[in-house]
>>> print(open('upload_29.txt').read())   # compact mmCIF, C-alpha atoms and all ligand atoms
# COMPACT_ATOMS: atom_id res chain seq x y z
CA MET A 1 83.36 95.09 90.40
CA ARG A 2 86.10 96.29 92.73
CA PRO A 3 88.55 93.76 94.25
CA LEU A 4 88.43 92.42 97.79
CA VAL A 5 90.82 94.68 99.71
CA VAL A 6 92.98 93.01 102.36
CA VAL A 7 95.22 95.32 104.38
CA ASN A 8 98.25 93.91 106.16
CA VAL A 9 100.18 96.03 108.59
CA ALA A 10 102.78 95.46 111.31
CA MET A 11 102.78 97.88 114.23
CA SER A 12 104.70 98.24 117.47
CA ALA A 13 103.08 97.61 120.86
CA ASP A 14 102.45 101.39 121.00
CA GLY A 15 100.74 101.52 117.61
CA LYS A 16 103.46 102.87 115.30
CA ILE A 17 104.45 101.44 111.93
CA SER A 18 107.82 103.20 111.58
CA THR A 19 109.91 105.90 113.26
CA ARG A 20 109.06 109.60 113.18
CA GLU A 21 111.71 109.97 110.45
CA ARG A 22 109.62 107.39 108.49
CA ARG A 23 112.52 104.97 108.71
CA GLN A 24 111.53 101.35 108.10
CA VAL A 25 111.92 99.10 111.15
CA ARG A 26 111.64 95.35 111.64
CA ILE A 27 108.52 94.80 113.72
CA SER A 28 107.76 91.13 113.08
CA GLY A 29 109.88 87.98 112.94
CA ALA A 30 110.52 85.26 110.38
CA ILE A 31 107.23 83.39 110.97
CA ASP A 32 105.12 86.47 110.39
CA ARG A 33 107.15 87.49 107.36
CA ALA A 34 106.49 84.01 105.89
CA ARG A 35 102.75 84.51 106.51
CA VAL A 36 102.88 87.88 104.74
CA ASP A 37 104.71 86.24 101.85
CA ARG A 38 101.93 83.62 101.55
CA LEU A 39 99.26 86.33 101.64
CA LYS A 40 101.15 88.17 98.90
CA ALA A 41 101.48 85.01 96.78
CA GLU A 42 97.72 84.39 97.08
CA SER A 43 96.84 87.93 95.94
CA ASP A 44 96.30 89.11 92.38
CA ALA A 45 97.95 92.44 93.15
CA ILE A 46 99.75 94.26 95.94
CA MET A 47 99.46 98.01 96.47
CA VAL A 48 101.44 100.66 98.37
CA GLY A 49 101.40 104.45 98.52
CA ILE A 50 104.19 106.58 97.07
CA GLY A 51 105.22 107.49 100.64
CA THR A 52 106.23 103.88 101.23
CA VAL A 53 108.11 103.67 97.92
CA LEU A 54 110.08 106.82 98.76
CA ALA A 55 110.74 105.77 102.38
CA ASP A 56 111.46 102.06 102.03
CA ASN A 57 112.10 101.38 98.33
CA PRO A 58 110.35 97.97 98.58
CA SER A 59 110.37 95.47 95.72
CA LEU A 60 107.17 93.74 96.94
CA THR A 61 108.22 90.47 95.30
CA VAL A 62 107.23 87.06 96.65
CA LYS A 63 110.31 86.00 98.59
CA SER A 64 109.78 82.20 98.66
CA SER A 65 110.91 80.50 95.43
CA GLU A 66 108.45 77.67 96.22
CA LEU A 67 105.52 80.09 96.32
CA ARG A 68 106.69 81.76 93.10
CA GLU A 69 106.86 78.33 91.40
CA GLN A 70 103.36 77.48 92.65
CA ARG A 71 102.06 80.68 91.06
CA VAL A 72 103.74 79.89 87.76
CA LYS A 73 102.26 76.35 87.79
CA LYS A 74 98.82 77.95 88.13
CA GLY A 75 99.55 80.02 84.99
CA LEU A 76 100.17 83.22 86.95
CA GLU A 77 103.09 85.63 86.88
CA GLU A 78 105.75 84.93 89.55
CA ASN A 79 104.74 88.01 91.49
CA PRO A 80 101.36 89.68 91.96
CA ILE A 81 100.85 92.89 89.99
CA ARG A 82 102.62 95.63 91.92
CA ILE A 83 100.73 98.91 92.21
CA VAL A 84 101.86 102.33 93.44
CA VAL A 85 99.31 105.01 94.32
CA ASP A 86 101.18 108.07 93.15
CA SER A 87 99.12 111.15 92.15
CA LEU A 88 102.10 113.15 90.86
CA ALA A 89 104.10 110.32 89.25
CA ARG A 90 106.93 110.75 91.76
CA THR A 91 107.98 107.08 91.66
CA PRO A 92 111.71 107.16 90.88
CA PRO A 93 112.30 105.42 87.53
CA ASP A 94 115.04 103.35 89.21
CA ALA A 95 112.84 102.26 92.15
CA ASP A 96 113.19 98.57 93.05
CA ILE A 97 109.47 98.02 92.58
CA LEU A 98 109.93 98.75 88.86
CA HIS A 99 112.97 96.54 88.38
CA LYS A 100 113.25 93.69 90.89
CA GLY A 101 111.50 90.43 90.04
CA ARG A 102 109.33 89.53 87.07
CA GLY A 103 105.75 90.64 86.62
CA SER A 104 103.50 93.56 85.78
CA ARG A 105 103.45 96.93 87.47
CA ILE A 106 100.84 99.68 87.63
CA ILE A 107 101.36 103.29 88.65
CA ALA A 108 98.10 105.03 89.54
CA ILE A 109 98.27 108.78 88.94
CA SER A 110 95.90 111.77 88.91
CA ASP A 111 95.45 114.57 86.35
CA LYS A 112 98.04 116.57 88.33
CA ALA A 113 100.94 114.32 87.30
CA ASP A 114 103.67 115.86 85.20
CA SER A 115 103.51 114.45 81.67
CA LYS A 116 107.30 114.01 81.39
CA ALA A 117 107.39 111.98 84.61
CA VAL A 118 104.44 109.90 83.39
CA LYS A 119 106.20 109.21 80.09
CA ALA A 120 109.33 108.01 81.93
CA LEU A 121 107.24 105.62 84.04
CA THR A 122 105.38 104.12 81.06
CA ARG A 123 108.65 102.39 80.10
CA HIS A 124 108.36 100.25 83.22
CA ALA A 125 104.68 100.14 84.14
CA GLU A 126 101.14 100.56 82.97
CA VAL A 127 99.92 103.99 84.05
CA ILE A 128 96.29 104.32 85.18
CA ARG A 129 94.78 107.76 85.58
CA ALA A 130 92.07 108.16 88.24
CA GLY A 131 91.13 111.44 89.92
CA SER A 132 91.87 115.10 89.33
CA GLU A 133 93.94 116.12 92.41
CA GLU A 134 94.91 112.94 94.24
CA VAL A 135 94.24 109.40 93.11
CA ASP A 136 90.53 108.62 93.36
CA LEU A 137 90.76 105.27 95.14
CA ARG A 138 87.22 104.12 94.34
CA GLU A 139 87.69 104.82 90.63
CA LEU A 140 91.10 103.14 90.71
CA LEU A 141 89.70 100.01 92.35
CA GLU A 142 86.90 99.80 89.74
CA LYS A 143 89.57 99.98 87.03
CA LEU A 144 91.59 97.26 88.75
CA GLY A 145 88.45 95.10 88.91
CA ASP A 146 88.05 95.56 85.14
CA ARG A 147 91.57 94.11 84.81
CA ARG A 148 90.42 90.98 86.64
CA ILE A 149 92.17 91.84 89.87
CA HIS A 150 89.88 90.12 92.37
CA CYS A 151 92.04 90.11 95.48
CA LEU A 152 94.16 93.16 96.33
CA MET A 153 96.60 93.18 99.22
CA VAL A 154 97.55 96.59 100.63
CA GLU A 155 100.93 96.87 102.40
CA GLY A 156 100.73 100.49 103.55
CA GLY A 157 101.64 103.01 104.47
CA GLY A 158 99.48 104.79 107.00
CA ARG A 159 98.10 107.53 104.77
CA LEU A 160 97.00 105.15 102.03
CA ILE A 161 95.39 102.77 104.53
CA GLY A 162 93.70 105.71 106.30
CA ALA A 163 92.26 106.92 103.00
CA LEU A 164 91.01 103.42 102.15
CA PHE A 165 89.23 103.24 105.53
CA ARG A 166 87.75 106.71 105.05
CA THR A 167 86.33 105.69 101.67
CA HIS A 168 85.04 102.37 103.07
CA LEU A 169 87.12 100.30 100.67
CA VAL A 170 88.75 97.92 103.17
CA ASP A 171 87.29 94.42 103.57
CA GLU A 172 89.82 92.69 105.81
CA LEU A 173 92.65 93.77 108.07
CA TYR A 174 95.57 91.81 109.46
CA THR A 175 97.39 93.65 112.26
CA TYR A 176 100.57 92.19 113.62
CA VAL A 177 101.43 93.75 116.99
CA GLY A 178 105.14 93.38 117.69
CA ASN A 179 107.01 93.51 120.99
CA ILE A 180 108.72 96.86 120.55
CA VAL A 181 107.89 100.44 121.48
CA ILE A 182 108.79 103.01 118.81
CA GLY A 183 107.15 106.14 120.21
CA GLY A 184 107.21 109.60 118.66
CA ASP A 185 104.32 112.03 118.18
CA GLY A 186 104.65 112.04 114.42
CA SER A 187 105.50 108.38 113.84
CA PRO A 188 103.17 106.84 111.23
CA THR A 189 100.33 104.67 112.50
CA PRO A 190 98.24 102.07 110.63
CA SER A 191 95.54 104.60 109.65
CA ASP A 192 96.86 108.15 109.19
CA GLY A 193 95.44 111.27 107.58
CA PRO A 194 92.48 113.26 108.92
CA GLY A 195 90.72 110.22 110.42
CA PHE A 196 87.12 110.35 111.61
CA LEU A 197 85.79 113.02 113.95
CA ARG A 198 82.38 111.63 114.89
CA GLU A 199 81.68 108.25 116.46
CA GLU A 200 78.99 107.51 113.86
CA GLU A 201 81.72 107.62 111.22
CA PHE A 202 84.04 105.09 112.85
CA VAL A 203 84.72 101.90 110.96
CA HIS A 204 83.69 98.84 112.97
CA LEU A 205 85.54 95.57 112.80
CA HIS A 206 84.53 92.00 113.46
CA LEU A 207 87.22 89.94 115.19
CA VAL A 208 87.91 86.86 113.07
CA GLU A 209 90.91 85.37 114.85
CA THR A 210 93.85 86.14 117.11
CA SER A 211 97.02 84.12 117.38
CA SER A 212 100.30 84.44 119.22
CA LEU A 213 103.20 84.59 116.79
CA GLU A 214 106.71 84.66 118.17
CA GLU A 215 106.81 87.56 120.65
CA GLY A 216 103.74 89.29 119.21
CA VAL A 217 100.08 88.86 118.30
CA LEU A 218 98.42 88.56 114.92
CA ILE A 219 94.87 89.90 114.74
CA HIS A 220 92.62 89.17 111.78
CA TRP A 221 89.64 91.52 111.42
CA ARG A 222 86.78 91.72 108.96
CA VAL A 223 85.29 95.14 108.29
CA GLU A 224 81.60 95.37 109.15
CA LYS A 225 79.65 96.85 106.27
CA LYS A 226 77.23 99.66 107.08
N1 LIG B 1 104.92 98.51 109.35
C1 LIG B 1 104.31 98.33 108.21
O1 LIG B 1 103.56 97.35 108.04
C2 LIG B 1 104.52 99.32 107.11
C3 LIG B 1 104.13 98.99 105.80
C4 LIG B 1 104.31 99.95 104.79
C5 LIG B 1 104.84 101.18 105.09
N2 LIG B 1 105.22 101.47 106.34
C6 LIG B 1 105.77 102.78 106.69
O2 LIG B 1 104.81 103.78 106.35
C7 LIG B 1 105.48 105.00 106.05
C8 LIG B 1 104.92 105.56 104.77
O3 LIG B 1 103.58 105.87 104.99
P1 LIG B 1 103.00 107.25 104.45
O4 LIG B 1 101.69 107.46 105.11
O5 LIG B 1 104.04 108.29 104.56
O6 LIG B 1 102.83 106.96 102.90
P2 LIG B 1 101.89 106.01 102.03
O7 LIG B 1 100.61 105.73 102.73
O8 LIG B 1 102.71 104.87 101.55
O9 LIG B 1 101.61 106.95 100.77
C9 LIG B 1 100.82 108.10 100.95
C10 LIG B 1 100.82 108.93 99.70
O10 LIG B 1 100.03 108.29 98.70
C11 LIG B 1 99.60 109.29 97.82
N3 LIG B 1 98.18 109.22 97.52
C12 LIG B 1 97.64 109.34 96.28
N4 LIG B 1 96.32 109.29 96.33
C13 LIG B 1 95.99 109.15 97.62
C14 LIG B 1 94.76 109.07 98.29
N5 LIG B 1 93.59 109.12 97.64
N6 LIG B 1 94.76 108.96 99.62
C15 LIG B 1 95.93 108.90 100.31
N7 LIG B 1 97.14 108.97 99.73
C16 LIG B 1 97.17 109.10 98.39
C17 LIG B 1 99.88 110.65 98.48
O11 LIG B 1 101.01 111.22 97.85
P3 LIG B 1 100.78 112.06 96.48
O12 LIG B 1 99.86 113.19 96.85
O13 LIG B 1 102.12 112.48 96.06
O14 LIG B 1 100.14 111.10 95.54
C18 LIG B 1 100.21 110.27 99.90
O15 LIG B 1 101.09 111.16 100.54
C19 LIG B 1 106.96 104.68 105.95
O16 LIG B 1 107.60 105.14 107.12
C20 LIG B 1 107.00 103.15 105.90
O17 LIG B 1 108.17 102.62 106.50
C21 LIG B 1 105.08 100.57 107.36
>>> encode(input="upload_29.txt", output="structure tokens", more="lines below")
Ligand SMILES: NC(=O)c1ccc[n+]([C@@H]2O[C@H](COP(=O)([O-])OP(=O)(O)OC[C@H]3O[C@@H](n4cnc5c(N)ncnc54)[C@H](OP(=O)(O)O)[C@@H]3O)[C@@H](O)[C@H]2O)c1
Amino acid sequence: MRPLVVVNVAMSADGKISTRERRQVRISGAIDRARVDRLKAESDAIMVGIGTVLADNPSLTVKSSELREQRVKKGLEENPIRIVVDSLARTPPDADILHKGRGSRIIAISDKADSKAVKALTRHAEVIRAGSEEVDLRELLEKLGDRRIHCLMVEGGGRLIGALFRTHLVDELYTYVGNIVIGGDGSPTPSDGPGFLREEEFVHLHLVETSSLEEGVLIHWRVEKK
């Protein structure tokens, strides 16, 4: 069975998640970052696309030492399993996600990945193959479920989240709307890629909760199943 997929994304008041140069920007404040850290600590795994690894070089570790200790007390690794969706195995072998913090890593690739690059990554991570051209997200999630990953947090970026919505694999969405305007025609948004063309295809959301956080708003949505 595939894991529950919880997407967390921070966007500006005008709906952008970074600049048009794909440069990472601080959208939320300390309180929201602590909430994201708790969500991460409660998840079995955390996933990003290769675009985010190349743009931001995130480590995706749990930042609070208290939360890491709580995980260890429960018999878990300090950090959730970190997963990169990376068809061509382009994750740099020195990327922070492969080196910072303890815990397991998974690189999800497709048949298109270069075997030398795959070999280099197997030194640092388990490599899962799913899909012939790009990573087949449904197949990947089934494989993650087989590894007893029940709750999967997705941290972005826009193209990965867009693909998860298009394949109806998202269960919950947290959107933090921050008090900045980034602008830019090509700036990434929370759900990029081809999107939906017809209204019948749109994904519908059920509003679970809204709360004011610092100078922004946190919105928790549940995806309505068709
Ligand atoms: N504000 C936030 O909350 C937040 C969070 C994270 C990231 N970001 C921002 O988001 C931007 C990166 O987003 P992005 O859209 O460029 O990259 P991304 O979503 O992180 O990664 C997209 C890449 O994943 C790979 N991929 C493999 N299989 C896929 C599939 N089935 N469907 C979709 N993608 C697949 C593709 O590359 P291959 O074809 O090479 O596999 C694709 O280009 C950065 O600017 C970053 O700062 C913002």
>>> atom_distance(input="upload_29.txt", atom1="CA of Ile46 in chain A", atom2="atom O15 of ligand LIG 1 (chain B)")
17.6 Å
>>> axis_aligned_box(input="upload_29.txt", around="range 91-100 of chain A", padding_each_side="5 Å", output="lines of an AutoDock Vina configuration file")
center_x = 111.5
center_y = 100.4
center_z = 90.3
size_x = 17.1
size_y = 23.5
size_z = 15.5
>>> closest_residue(input="upload_29.txt", among="A:Asp96, A:Glu78, A:Glu155, A:Glu209", to="Ser59 in chain A", atoms="all atoms listed in the file")
A:Asp96
>>> atom_distance(input="upload_29.txt", atom1="atom C5 of ligand LIG 1 (chain B)", atom2="CA of Lys225 in chain A")
25.6 Å
>>> residues_near_ligand(input="upload_29.txt", ligand="ligand LIG 1 (chain B)", cutoff="7 Å", atoms="only C-alpha atoms and all ligand atoms", output="PyMOL selection string")
chain A and resi 8-11+17-19+22-25+27+48-53+55-56+85-88+90+134-137+155-161+163+188+192
>>> residues_around(input="upload_29.txt", residues="range 117-125 of chain A", least_positions_apart="4", cutoff="9 Å", atoms="all atoms listed in the file", output="VMD selection string")
chain A and resid 88 to 93 98 to 99 104 to 107 109 113
>>> atom_distance(input="upload_29.txt", atom1="CA of Thr167 in chain A", atom2="CA of Asn79 in chain A")
27.5 Å
>>> residues_near_point(input="upload_29.txt", point="(82.8, 97.8, 91.5)", cutoff="9 Å", atoms="all atoms listed in the file", output="ChimeraX atom specification")
/A:1-3,138-139,141-143,145-146
>>> closest_residue(input="upload_29.txt", among="A:Glu224, A:Asp44, A:Asp94, A:Glu21", to="Phe202 in chain A", atoms="only C-alpha atoms")
A:Glu224
